[in-house]
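Trainee: The file below is entry_7.txt, compact mmCIF, C-alpha atoms:
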```
# COMPACT_ATOMS: atom_id res chain seq x y z
CA MET A 902 -24.59 156.12 119.42
CA ILE A 903 -26.13 155.29 116.03
CA GLY A 904 -29.57 155.37 117.59
CA ARG A 905 -28.91 158.80 119.06
CA CYS A 906 -27.73 160.03 115.67
CA LEU A 907 -30.91 158.78 114.02
CA ILE A 908 -33.05 160.64 116.53
CA LEU A 909 -31.05 163.80 115.88
CA LEU A 910 -31.37 163.48 112.13
CA LEU A 911 -35.12 162.96 112.31
CA ILE A 912 -35.61 166.35 113.94
CA SER A 913 -32.68 168.28 112.46
CA TYR A 914 -34.82 169.28 109.47
CA GLU A 915 -36.58 171.73 111.77
CA SER A 916 -33.50 173.22 113.42
CA ILE A 917 -30.31 172.69 111.49
CA ALA A 918 -27.31 174.74 112.53
CA GLN A 919 -27.26 177.05 109.52
CA THR A 920 -30.76 178.37 110.30
CA TYR A 921 -29.67 179.46 113.77
CA THR A 922 -30.72 182.99 114.75
CA GLY A 923 -29.75 185.02 117.80
CA PRO A 924 -32.05 185.16 120.85
CA ASN A 925 -33.63 188.55 120.15
CA TYR A 926 -34.44 187.59 116.54
CA GLN A 927 -35.65 184.18 117.70
CA ALA A 928 -38.02 185.80 120.22
CA MET A 929 -39.41 188.03 117.46
CA GLY A 930 -40.64 185.11 115.37
CA HIS A 931 -37.28 184.20 113.79
CA THR A 932 -37.29 187.50 111.89
CA GLY A 933 -34.15 189.58 111.29
CA THR A 934 -34.05 190.47 107.58
CA ALA A 935 -34.97 194.09 108.34
CA LEU A 936 -33.33 194.39 111.77
CA GLN A 937 -29.86 195.66 112.70
CA GLY A 938 -27.19 194.81 115.25
CA ILE A 939 -24.71 192.09 116.21
CA TYR A 940 -27.26 189.33 115.62
CA SER A 941 -27.43 190.25 111.94
CA LEU A 942 -24.49 187.84 111.77
CA THR A 943 -27.18 185.15 112.14
CA ALA A 944 -29.61 186.75 109.67
CA ASN A 945 -29.11 189.51 107.08
CA PRO A 946 -25.42 190.56 107.08
CA ALA A 947 -26.38 194.05 105.82
CA GLY A 948 -27.79 194.75 109.30
CA LEU A 949 -24.26 194.87 110.70
CA THR A 950 -24.08 198.52 109.62
CA GLY A 951 -26.27 199.27 112.65
CA LEU A 952 -23.35 198.59 115.00
CA GLN A 953 -21.90 201.71 116.59
CA ARG A 954 -19.22 199.98 118.71
CA THR A 955 -17.17 196.81 118.58
CA GLU A 956 -19.38 194.12 120.10
CA ILE A 957 -18.96 190.48 121.11
CA GLY A 958 -21.57 187.91 122.01
CA LEU A 959 -21.87 184.37 123.38
CA ASN A 960 -25.01 182.27 122.97
CA TYR A 961 -26.38 178.90 124.02
CA GLN A 962 -29.54 177.20 122.77
CA HIS A 963 -31.01 173.94 124.08
CA HIS A 964 -33.25 172.28 121.51
CA PHE A 965 -36.55 170.78 122.69
CA LEU A 966 -35.43 170.48 126.36
CA THR A 967 -35.89 166.70 126.56
CA THR A 968 -32.97 166.09 124.18
CA ALA A 969 -29.22 166.67 124.52
CA ILE A 970 -29.15 168.65 121.26
CA ASN A 971 -27.77 172.15 121.57
CA THR A 972 -26.23 175.07 119.70
CA GLN A 973 -23.35 177.26 120.88
CA ALA A 974 -22.34 180.44 119.08
CA ALA A 975 -19.75 183.20 119.37
CA LEU A 976 -20.10 186.51 117.51
CA VAL A 977 -17.83 189.51 116.91
CA GLY A 978 -18.74 192.73 115.09
CA VAL A 979 -16.21 195.53 114.42
CA PRO A 980 -17.30 198.82 112.79
CA THR A 981 -14.54 200.68 110.90
CA ARG A 982 -14.29 203.57 108.44
CA MET A 983 -14.29 201.08 105.56
CA GLY A 984 -17.37 199.23 106.79
CA THR A 985 -18.33 196.71 109.46
CA PHE A 986 -16.53 193.38 109.76
CA GLY A 987 -18.02 190.39 111.52
CA LEU A 988 -17.14 186.85 112.54
CA ALA A 989 -19.66 184.21 113.63
CA VAL A 990 -18.88 180.65 114.74
CA SER A 991 -21.63 178.21 115.69
CA ARG A 992 -21.80 174.53 116.52
CA TYR A 993 -25.00 172.47 116.42
CA GLY A 994 -25.13 168.86 117.52
CA LEU A 995 -25.03 166.11 120.07
CA LYS A 996 -21.93 165.53 122.19
CA ARG A 997 -19.68 162.75 120.84
CA ALA A 998 -22.29 161.83 118.23
CA TYR A 999 -22.91 164.62 115.69
CA ASP A 1000 -21.30 168.01 115.02
CA ASP A 1001 -22.40 170.55 112.41
CA THR A 1002 -20.07 173.56 112.64
CA LYS A 1003 -20.19 176.84 110.75
CA ALA A 1004 -17.66 179.70 110.68
CA GLY A 1005 -18.66 182.80 108.73
CA PHE A 1006 -16.77 186.00 107.92
CA SER A 1007 -18.93 189.04 107.07
CA PHE A 1008 -18.47 192.51 105.68
CA ALA A 1009 -21.17 195.18 105.48
CA ARG A 1010 -21.00 198.71 104.13
CA GLN A 1011 -23.41 201.60 104.07
CA PHE A 1012 -23.78 203.64 100.88
CA GLY A 1013 -25.23 207.04 101.67
CA PRO A 1014 -27.54 207.51 104.66
CA ARG A 1015 -30.08 204.82 103.74
CA PHE A 1016 -28.70 201.87 101.72
CA SER A 1017 -26.58 199.00 103.13
CA VAL A 1018 -25.06 195.89 101.56
CA GLY A 1019 -23.59 192.87 103.35
CA MET A 1020 -21.85 189.62 102.38
CA MET A 1021 -20.86 186.52 104.34
CA ALA A 1022 -18.47 183.75 103.30
CA SER A 1023 -18.86 180.59 105.40
CA TYR A 1024 -17.03 177.35 106.04
CA HIS A 1025 -19.24 174.39 107.02
CA GLN A 1026 -18.03 171.16 108.61
CA LEU A 1027 -20.06 168.02 109.29
CA TYR A 1028 -18.58 165.38 111.58
CA ILE A 1029 -19.98 162.08 112.85
CA PRO A 1030 -17.30 160.28 114.93
CA ASN A 1031 -15.90 157.11 113.35
CA TYR A 1032 -18.27 157.47 110.41
CA LEU A 1033 -18.24 160.73 108.44
CA TYR A 1034 -16.21 163.91 107.97
CA THR A 1035 -16.96 166.41 105.21
CA PHE A 1036 -16.97 170.15 104.61
CA SER A 1037 -18.29 172.77 102.22
CA LEU A 1038 -18.33 176.52 101.53
CA SER A 1039 -21.18 178.95 100.98
CA VAL A 1040 -21.83 182.64 100.33
CA ASP A 1041 -24.71 184.78 101.65
CA MET A 1042 -25.68 188.32 100.68
CA GLY A 1043 -28.14 190.89 101.91
CA VAL A 1044 -29.32 194.46 101.40
CA GLN A 1045 -31.28 196.92 103.52
CA TYR A 1046 -32.89 200.28 102.81
CA ARG A 1047 -33.83 202.64 105.65
CA PHE A 1048 -36.69 205.06 105.04
CA GLU A 1049 -36.78 208.56 106.48
CA GLN A 1050 -39.23 207.66 109.27
CA GLY A 1051 -36.97 204.82 110.44
CA SER A 1052 -38.61 201.77 108.90
CA ILE A 1053 -36.34 199.31 107.09
CA ILE A 1054 -36.93 196.96 104.18
CA GLY A 1055 -34.43 194.14 103.70
CA PHE A 1056 -33.62 191.23 101.42
CA GLN A 1057 -31.26 188.32 102.02
CA TYR A 1058 -30.20 185.31 99.97
CA THR A 1059 -28.59 182.56 102.01
CA ASN A 1060 -26.30 180.07 100.24
CA LEU A 1061 -26.24 181.74 96.83
CA GLY A 1062 -24.75 178.76 94.99
CA ASN A 1063 -27.00 176.17 96.69
CA THR A 1064 -23.91 174.26 97.84
CA GLY A 1065 -24.18 171.19 100.04
CA TYR A 1066 -22.25 168.44 101.76
CA GLY A 1067 -23.09 165.83 99.14
CA VAL A 1068 -24.56 163.61 101.88
CA ASP A 1069 -28.04 165.09 102.37
CA ALA A 1070 -29.13 162.11 104.45
CA TYR A 1071 -26.87 163.37 107.26
CA GLY A 1072 -26.87 167.15 106.91
CA VAL A 1073 -27.80 169.94 104.51
CA ILE A 1074 -26.85 173.56 103.97
CA PRO A 1075 -30.17 175.30 103.29
CA SER A 1076 -30.60 177.80 100.49
CA PHE A 1077 -33.37 180.35 100.90
CA MET A 1078 -34.48 183.90 100.20
CA ARG A 1079 -36.13 186.32 102.60
CA ILE A 1080 -37.72 189.73 102.32
CA GLY A 1081 -38.54 191.63 105.48
CA LEU A 1082 -39.89 194.88 106.85
CA SER A 1083 -39.50 196.55 110.25
CA TYR A 1084 -41.46 199.56 111.48
CA PRO A 1085 -40.74 201.58 114.66
CA LEU A 1086 -43.54 203.12 116.76
CA LYS A 1087 -42.01 204.99 119.73
CA GLU A 1088 -41.32 202.16 122.22
CA VAL A 1089 -42.47 199.41 119.81
CA ILE A 1090 -40.80 197.76 116.82
CA ILE A 1091 -42.93 195.61 114.50
CA THR A 1092 -41.19 193.29 112.05
CA ALA A 1093 -42.25 190.69 109.50
CA ASP A 1094 -40.40 188.36 107.10
CA VAL A 1095 -41.51 186.19 104.20
CA ALA A 1096 -39.11 183.31 103.47
CA TYR A 1097 -38.87 180.95 100.50
CA GLN A 1098 -37.03 177.66 100.88
CA THR A 1099 -37.33 174.95 98.24
CA ALA A 1100 -38.09 172.16 100.71
CA ARG A 1101 -40.90 174.07 102.46
CA ALA A 1102 -42.13 176.62 99.93
CA LEU A 1103 -43.25 179.87 101.63
CA GLY A 1104 -42.97 180.60 105.33
CA GLY A 1105 -44.05 183.63 107.33
CA HIS A 1106 -42.54 185.29 110.40
CA PHE A 1107 -43.93 188.09 112.55
CA GLY A 1108 -42.49 189.74 115.66
CA VAL A 1109 -42.91 192.61 118.10
CA GLU A 1110 -40.52 194.26 120.55
CA TYR A 1111 -41.74 196.57 123.33
CA ARG A 1112 -39.19 198.67 125.18
CA ILE A 1113 -39.78 199.60 128.83
CA GLY A 1114 -37.42 202.46 129.55
CA GLU A 1115 -33.73 202.06 128.73
CA ILE A 1116 -33.24 198.76 130.54
CA LEU A 1117 -35.92 196.19 129.65
CA CYS A 1118 -37.63 195.05 126.47
CA LEU A 1119 -40.24 192.34 125.91
CA ARG A 1120 -40.51 190.36 122.69
CA GLY A 1121 -42.93 187.97 121.06
CA GLY A 1122 -43.77 186.51 117.68
CA VAL A 1123 -45.15 183.70 115.56
CA SER A 1124 -43.88 181.81 112.53
CA ILE A 1125 -45.78 179.79 109.95
CA ASN A 1126 -44.70 176.65 108.09
CA PRO A 1127 -44.09 175.21 110.58
CA MET A 1128 -46.42 177.00 113.02
CA GLN A 1129 -44.49 178.05 116.14
CA GLN A 1130 -44.81 180.63 118.90
CA HIS A 1131 -41.89 182.68 120.22
CA ALA A 1132 -41.27 184.84 123.28
CA GLY A 1133 -38.38 186.46 125.12
CA PHE A 1134 -36.91 189.52 126.75
CA GLY A 1135 -33.75 191.62 126.85
CA VAL A 1136 -32.01 193.48 129.67
CA ARG A 1137 -29.40 196.21 129.14
CA TRP A 1138 -26.95 196.91 131.98
CA PHE A 1139 -24.29 199.48 131.18
CA ARG A 1140 -22.50 197.96 128.14
CA PHE A 1141 -23.82 194.45 128.73
CA VAL A 1142 -26.97 193.11 127.07
CA PHE A 1143 -28.60 189.88 128.25
CA ASP A 1144 -31.17 188.27 125.93
CA ALA A 1145 -33.39 185.24 126.50
CA ALA A 1146 -35.80 183.56 124.09
CA ALA A 1147 -37.89 180.44 123.66
CA THR A 1148 -39.59 178.80 120.70
CA PHE A 1149 -42.62 176.57 121.27
CA HIS A 1150 -43.07 173.79 118.69
CA PRO A 1151 -46.45 171.99 118.91
CA ARG A 1152 -44.92 168.51 118.54
CA LEU A 1153 -41.25 168.73 119.47
CA GLY A 1154 -41.47 171.01 122.48
CA THR A 1155 -39.66 174.12 123.74
CA SER A 1156 -36.25 175.40 122.61
CA PRO A 1157 -34.85 178.06 124.99
CA GLN A 1158 -31.83 180.25 124.25
CA ILE A 1159 -29.75 182.76 126.18
CA GLY A 1160 -27.17 185.24 124.97
CA VAL A 1161 -24.82 187.82 126.47
CA CYS A 1162 -23.26 190.68 124.49
CA TYR A 1163 -20.76 193.36 125.45
CA ALA A 1164 -20.11 196.60 123.56
CA PHE A 1165 -16.64 198.11 123.94
```
Rewrite the structure from the file as C-alpha cells, please.
Mentor:
Amino acid sequence: MIGRCLILLLISYESIAQTYTGPNYQAMGHTGTALQGIYSLTANPAGLTGLQRTEIGLNYQHHFLTTAINTQAALVGVPTRMGTFGLAVSRYGLKRAYDDTKAGFSFARQFGPRFSVGMMASYHQLYIPNYLYTFSLSVDMGVQYRFEQGSIIGFQYTNLGNTGYGVDAYGVIPSFMRIGLSYPLKEVIITADVAYQTARALGGHFGVEYRIGEILCLRGGVSINPMQQHAGFGVRWFRFVFDAAATFHPRLGTSPQIGVCYAF
C-alpha cells in the first residue's frame, strides 16, 4: 500500500482534488472563470448566477487510465430570490490507500443586470489509512461582469488565506488567481483563462464550444504549463445533460471524465 501511495503522490501535483473542474470546463481547456452554470461550483462561484433552475450533477473522472486514481463529485445548485446557493462534494484518491475529500458551500448573487459575486467556504479532509488524518478550511471568491453583447470577464481567487494541511509532502490545498474572458459568436463560445499559482507561475487555458442545434455541442481546448490538449462533447435530452471530456497529458496519459446533470 505504501508503494501505491508513493506513486499517487508523485503524480498528484498535476491533478490534486481541489483543482478538479467539471467535464464541460475540462473539455474547454480547463477554463471556467468566465463561464456560467452548475459547473461553476468547480471554478468561479460567481458563475452560479447563470442557473435558471435547481440542478444536480454527478461526475466521475479516471486519471491517466492505467492507474486506479479517480475523482467522484456531486453538485447541487439552487437559484432563489436572495441569490443562488450551491453545494459541491468531491473525492480524489486511490481506494483503501489515499483519500482527499472536499465539501464546499457556495453563494452567488447578481447585482444589477451585469455584475455577479460568488463565495465558497470549503472543508478539506486528507486521509491515509493507518497513517494520517487531517483537515483544513478554505475560502474562495469570484466576480463576473457581463457585457451588453454577451461576453463575460471574470476573476477568481481560490484559497484566499493560503491555508494548507500542514503536511505538504502528502497533500496541498492550492492557492491561485485566475482572470478569464468568454465571447459568444452565434453557435460558438470562445473562452480563455490566465492563471497564477505560486508553484507554477503563469499558466494559460483556451477553449471553444460549438453548438449543433439544441441537442449536441462539441468542445476542445489547450492548456499551457503544463502543456495539455482537451476534447469533449455534451448532449442535452429534455432536462438531462450528459457531458464527456478527456485531457491528454504528454507523459502521464489520458484522463477521461463523464458527468450527468438534471434540471428540475
Trainee: Taking all atoms of stretch 1128-1131 of chain A that the file lists, what box with edges along x, y and z, padded by 4 Å per side, do you get, with centre and edge lengths in Å to one decimal, as JSON?
Mentor:
```
{"center_x": -44.2, "center_y": 179.8, "center_z": 116.6, "size_x": 12.5, "size_y": 13.7, "size_z": 15.2}
```
Trainee: Looking at A:Pro1085, A:Lys1003, A:Gly1122, A:Ala975, which one is nearest to A:Ser1039, with distances taken over all atoms listed in the file?
Mentor: A:Lys1003
Trainee: At what distance in Å, to one decimal, does atom CA of A:Leu949 lie from atom CA of A:Tyr1046?
Mentor: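 Atom CA of A:Leu949 lies at a distance of 12.9 Å from atom CA of A:Tyr1046.
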Trainee: Taking (-41.5, 188.4, 103.6) in the file's coordinates, which residues come within 7 Å, counting all atoms listed in the file, written as a PyMOL selection string?
Mentor: chain A and resi 1079-1081+1093-1096+1105
Trainee: Applying 6 Å and all atoms listed in the file, which residues near A:Tyr1084 remain after dropping the ones on its own chain fewer than 6 positions away? List them as JSON, numbers by chain.
Mentor: {"A": [1052, 1090, 1091]}
Trainee: Name all residues at most 12 Å from A:Ile1053 (count all atoms listed in the file; drop same-chain ones fewer than 2 positions away) and give them as a PyMOL selection string.
Mentor: chain A and resi 933-937+947-948+951+1015-1017+1044-1051+1055-1056+1080-1085+1090-1094
Trainee: Selected residues, C-alpha atoms, written as a compact mmCIF listing (two decimals), in the coordinates of the input, please.
Mentor:
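The resulting file, result-v8.txt, is reproduced below:
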```txt
# COMPACT_ATOMS: atom_id res chain seq x y z
CA GLY A 933 -34.15 189.58 111.29
CA THR A 934 -34.05 190.47 107.58
CA ALA A 935 -34.97 194.09 108.34
CA LEU A 936 -33.33 194.39 111.77
CA GLN A 937 -29.86 195.66 112.70
CA ALA A 947 -26.38 194.05 105.82
CA GLY A 948 -27.79 194.75 109.30
CA GLY A 951 -26.27 199.27 112.65
CA ARG A 1015 -30.08 204.82 103.74
CA PHE A 1016 -28.70 201.87 101.72
CA SER A 1017 -26.58 199.00 103.13
CA VAL A 1044 -29.32 194.46 101.40
CA GLN A 1045 -31.28 196.92 103.52
CA TYR A 1046 -32.89 200.28 102.81
CA ARG A 1047 -33.83 202.64 105.65
CA PHE A 1048 -36.69 205.06 105.04
CA GLU A 1049 -36.78 208.56 106.48
CA GLN A 1050 -39.23 207.66 109.27
CA GLY A 1051 -36.97 204.82 110.44
CA GLY A 1055 -34.43 194.14 103.70
CA PHE A 1056 -33.62 191.23 101.42
CA ILE A 1080 -37.72 189.73 102.32
CA GLY A 1081 -38.54 191.63 105.48
CA LEU A 1082 -39.89 194.88 106.85
CA SER A 1083 -39.50 196.55 110.25
CA TYR A 1084 -41.46 199.56 111.48
CA PRO A 1085 -40.74 201.58 114.66
CA ILE A 1090 -40.80 197.76 116.82
CA ILE A 1091 -42.93 195.61 114.50
CA THR A 1092 -41.19 193.29 112.05
CA ALA A 1093 -42.25 190.69 109.50
CA ASP A 1094 -40.40 188.36 107.10
```
Trainee: Kindly extract all protein, DNA and RNA residues lying within 9 Å of the coordinates (-28.8, 195.5, 130.9) given in the file, considering all atoms listed in the file, and supply them as a list in words.
Mentor: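 I get Glu1115, Ile1116, Leu1117, Gly1135, Val1136, Arg1137, Trp1138, Phe1139, Arg1140, Phe1141, Val1142 and Phe1143 of chain A for the residues within 9 Å of that point.
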Trainee: For a quick check of understanding, using all atoms listed in the file, which of A:Ser991, A:Thr932, A:Phe1036, A:Ser941 has the smallest distance to A:Asn960?
Mentor: A:Ser991
Trainee: Counting only C-alpha atoms, which of A:His931, A:Thr922, A:Tyr940, A:Leu995 gets nearest to A:Ala1132?
Mentor: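 Ranking A:His931, A:Thr922, A:Tyr940, A:Leu995 by distance to A:Ala1132, first place goes to A:His931.
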Trainee: Go through A:Tyr1028, A:Tyr1163, A:Tyr1034, A:Tyr1097 one by one, measure the shortest atom-to-atom distance of each to A:Arg997 using only C-alpha atoms, and give the residue with the smallest value.
Mentor: A:Tyr1028
Trainee: Which neighbours of A:Pro1151 fall inside 10 Å, counting only C-alpha atoms, when residues of the same chain fewer than 3 positions from it are skipped, and could you give them as a PyMOL selection string?
Mentor: chain A and resi 1127-1130+1148+1154-1155
Trainee: Could you give me stretch 1048-1074 of chain A completed to N, CA, C and O atoms, formatted as an mmCIF file, keeping the file's coordinate frame?
Mentor:
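Resulting contents of out-v1.cif:
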```
data_model
loop_
_atom_site.group_PDB
_atom_site.id
_atom_site.type_symbol
_atom_site.label_atom_id
_atom_site.label_comp_id
_atom_site.auth_asym_id
_atom_site.auth_seq_id
_atom_site.Cartn_x
_atom_site.Cartn_y
_atom_site.Cartn_z
ATOM 1 N N PHE A 1048 -35.880 203.919 105.441
ATOM 2 C CA PHE A 1048 -36.690 205.060 105.040
ATOM 3 C C PHE A 1048 -36.534 206.193 106.054
ATOM 4 O O PHE A 1048 -36.030 206.007 107.167
ATOM 5 N N GLU A 1049 -36.989 207.372 105.664
ATOM 6 C CA GLU A 1049 -36.780 208.560 106.480
ATOM 7 C C GLU A 1049 -37.405 208.436 107.864
ATOM 8 O O GLU A 1049 -36.844 208.896 108.855
ATOM 9 N N GLN A 1050 -38.562 207.781 107.973
ATOM 10 C CA GLN A 1050 -39.230 207.660 109.270
ATOM 11 C C GLN A 1050 -38.656 206.564 110.140
ATOM 12 O O GLN A 1050 -39.106 206.357 111.268
ATOM 13 N N GLY A 1051 -37.641 205.827 109.639
ATOM 14 C CA GLY A 1051 -36.970 204.820 110.440
ATOM 15 C C GLY A 1051 -37.295 203.386 110.113
ATOM 16 O O GLY A 1051 -36.639 202.466 110.606
ATOM 17 N N SER A 1052 -38.304 203.143 109.304
ATOM 18 C CA SER A 1052 -38.610 201.770 108.900
ATOM 19 C C SER A 1052 -37.546 201.262 107.941
ATOM 20 O O SER A 1052 -36.872 202.043 107.257
ATOM 21 N N ILE A 1053 -37.379 199.944 107.895
ATOM 22 C CA ILE A 1053 -36.340 199.310 107.090
ATOM 23 C C ILE A 1053 -36.963 198.188 106.263
ATOM 24 O O ILE A 1053 -37.786 197.407 106.775
ATOM 25 N N ILE A 1054 -36.586 198.111 105.003
ATOM 26 C CA ILE A 1054 -36.930 196.960 104.180
ATOM 27 C C ILE A 1054 -35.637 196.234 103.841
ATOM 28 O O ILE A 1054 -34.608 196.873 103.571
ATOM 29 N N GLY A 1055 -35.649 194.898 103.922
ATOM 30 C CA GLY A 1055 -34.430 194.140 103.700
ATOM 31 C C GLY A 1055 -34.669 192.914 102.835
ATOM 32 O O GLY A 1055 -35.793 192.404 102.739
ATOM 33 N N PHE A 1056 -33.589 192.457 102.219
ATOM 34 C CA PHE A 1056 -33.620 191.230 101.420
ATOM 35 C C PHE A 1056 -32.336 190.464 101.685
ATOM 36 O O PHE A 1056 -31.254 191.055 101.748
ATOM 37 N N GLN A 1057 -32.444 189.158 101.858
ATOM 38 C CA GLN A 1057 -31.260 188.320 102.020
ATOM 39 C C GLN A 1057 -31.397 187.040 101.206
ATOM 40 O O GLN A 1057 -32.503 186.526 101.010
ATOM 41 N N TYR A 1058 -30.265 186.572 100.716
ATOM 42 C CA TYR A 1058 -30.200 185.310 99.970
ATOM 43 C C TYR A 1058 -29.113 184.483 100.646
ATOM 44 O O TYR A 1058 -27.938 184.814 100.586
ATOM 45 N N THR A 1059 -29.512 183.426 101.299
ATOM 46 C CA THR A 1059 -28.590 182.560 102.010
ATOM 47 C C THR A 1059 -28.179 181.382 101.146
ATOM 48 O O THR A 1059 -29.034 180.712 100.563
ATOM 49 N N ASN A 1060 -26.875 181.134 101.057
ATOM 50 C CA ASN A 1060 -26.300 180.070 100.240
ATOM 51 C C ASN A 1060 -26.622 180.306 98.761
ATOM 52 O O ASN A 1060 -27.397 179.571 98.137
ATOM 53 N N LEU A 1061 -25.986 181.318 98.214
ATOM 54 C CA LEU A 1061 -26.240 181.740 96.830
ATOM 55 C C LEU A 1061 -26.061 180.618 95.811
ATOM 56 O O LEU A 1061 -26.842 180.484 94.880
ATOM 57 N N GLY A 1062 -25.030 179.813 95.969
ATOM 58 C CA GLY A 1062 -24.750 178.760 94.990
ATOM 59 C C GLY A 1062 -25.446 177.448 95.268
ATOM 60 O O GLY A 1062 -25.196 176.457 94.571
ATOM 61 N N ASN A 1063 -26.295 177.403 96.312
ATOM 62 C CA ASN A 1063 -27.000 176.170 96.690
ATOM 63 C C ASN A 1063 -26.018 175.020 96.896
ATOM 64 O O ASN A 1063 -26.236 173.900 96.435
ATOM 65 N N THR A 1064 -24.903 175.298 97.575
ATOM 66 C CA THR A 1064 -23.910 174.260 97.840
ATOM 67 C C THR A 1064 -24.407 173.327 98.941
ATOM 68 O O THR A 1064 -25.330 173.646 99.689
ATOM 69 N N GLY A 1065 -23.791 172.167 99.028
ATOM 70 C CA GLY A 1065 -24.180 171.190 100.040
ATOM 71 C C GLY A 1065 -23.010 170.302 100.417
ATOM 72 O O GLY A 1065 -21.895 170.453 99.910
ATOM 73 N N TYR A 1066 -23.278 169.380 101.320
ATOM 74 C CA TYR A 1066 -22.250 168.440 101.760
ATOM 75 C C TYR A 1066 -22.102 167.261 100.800
ATOM 76 O O TYR A 1066 -21.107 166.540 100.845
ATOM 77 N N GLY A 1067 -23.109 167.014 99.989
ATOM 78 C CA GLY A 1067 -23.090 165.830 99.140
ATOM 79 C C GLY A 1067 -23.588 164.590 99.838
ATOM 80 O O GLY A 1067 -23.568 163.497 99.269
ATOM 81 N N VAL A 1068 -24.025 164.734 101.097
ATOM 82 C CA VAL A 1068 -24.560 163.610 101.880
ATOM 83 C C VAL A 1068 -25.818 164.112 102.593
ATOM 84 O O VAL A 1068 -25.873 164.211 103.818
ATOM 85 N N ASP A 1069 -26.851 164.447 101.826
ATOM 86 C CA ASP A 1069 -28.040 165.090 102.370
ATOM 87 C C ASP A 1069 -28.754 164.231 103.415
ATOM 88 O O ASP A 1069 -29.547 164.749 104.203
ATOM 89 N N ALA A 1070 -28.487 162.955 103.438
ATOM 90 C CA ALA A 1070 -29.130 162.110 104.450
ATOM 91 C C ALA A 1070 -28.623 162.439 105.844
ATOM 92 O O ALA A 1070 -29.279 162.109 106.834
ATOM 93 N N TYR A 1071 -27.459 163.104 105.951
ATOM 94 C CA TYR A 1071 -26.870 163.370 107.260
ATOM 95 C C TYR A 1071 -26.787 164.857 107.595
ATOM 96 O O TYR A 1071 -26.574 165.215 108.742
ATOM 97 N N GLY A 1072 -26.938 165.728 106.633
ATOM 98 C CA GLY A 1072 -26.870 167.150 106.910
ATOM 99 C C GLY A 1072 -26.968 167.955 105.628
ATOM 100 O O GLY A 1072 -26.466 167.525 104.588
ATOM 101 N N VAL A 1073 -27.635 169.099 105.680
ATOM 102 C CA VAL A 1073 -27.800 169.940 104.510
ATOM 103 C C VAL A 1073 -27.402 171.374 104.851
ATOM 104 O O VAL A 1073 -27.393 171.778 106.012
ATOM 105 N N ILE A 1074 -27.078 172.132 103.835
ATOM 106 C CA ILE A 1074 -26.850 173.560 103.970
ATOM 107 C C ILE A 1074 -27.998 174.245 103.236
ATOM 108 O O ILE A 1074 -28.034 174.238 102.006
#
```
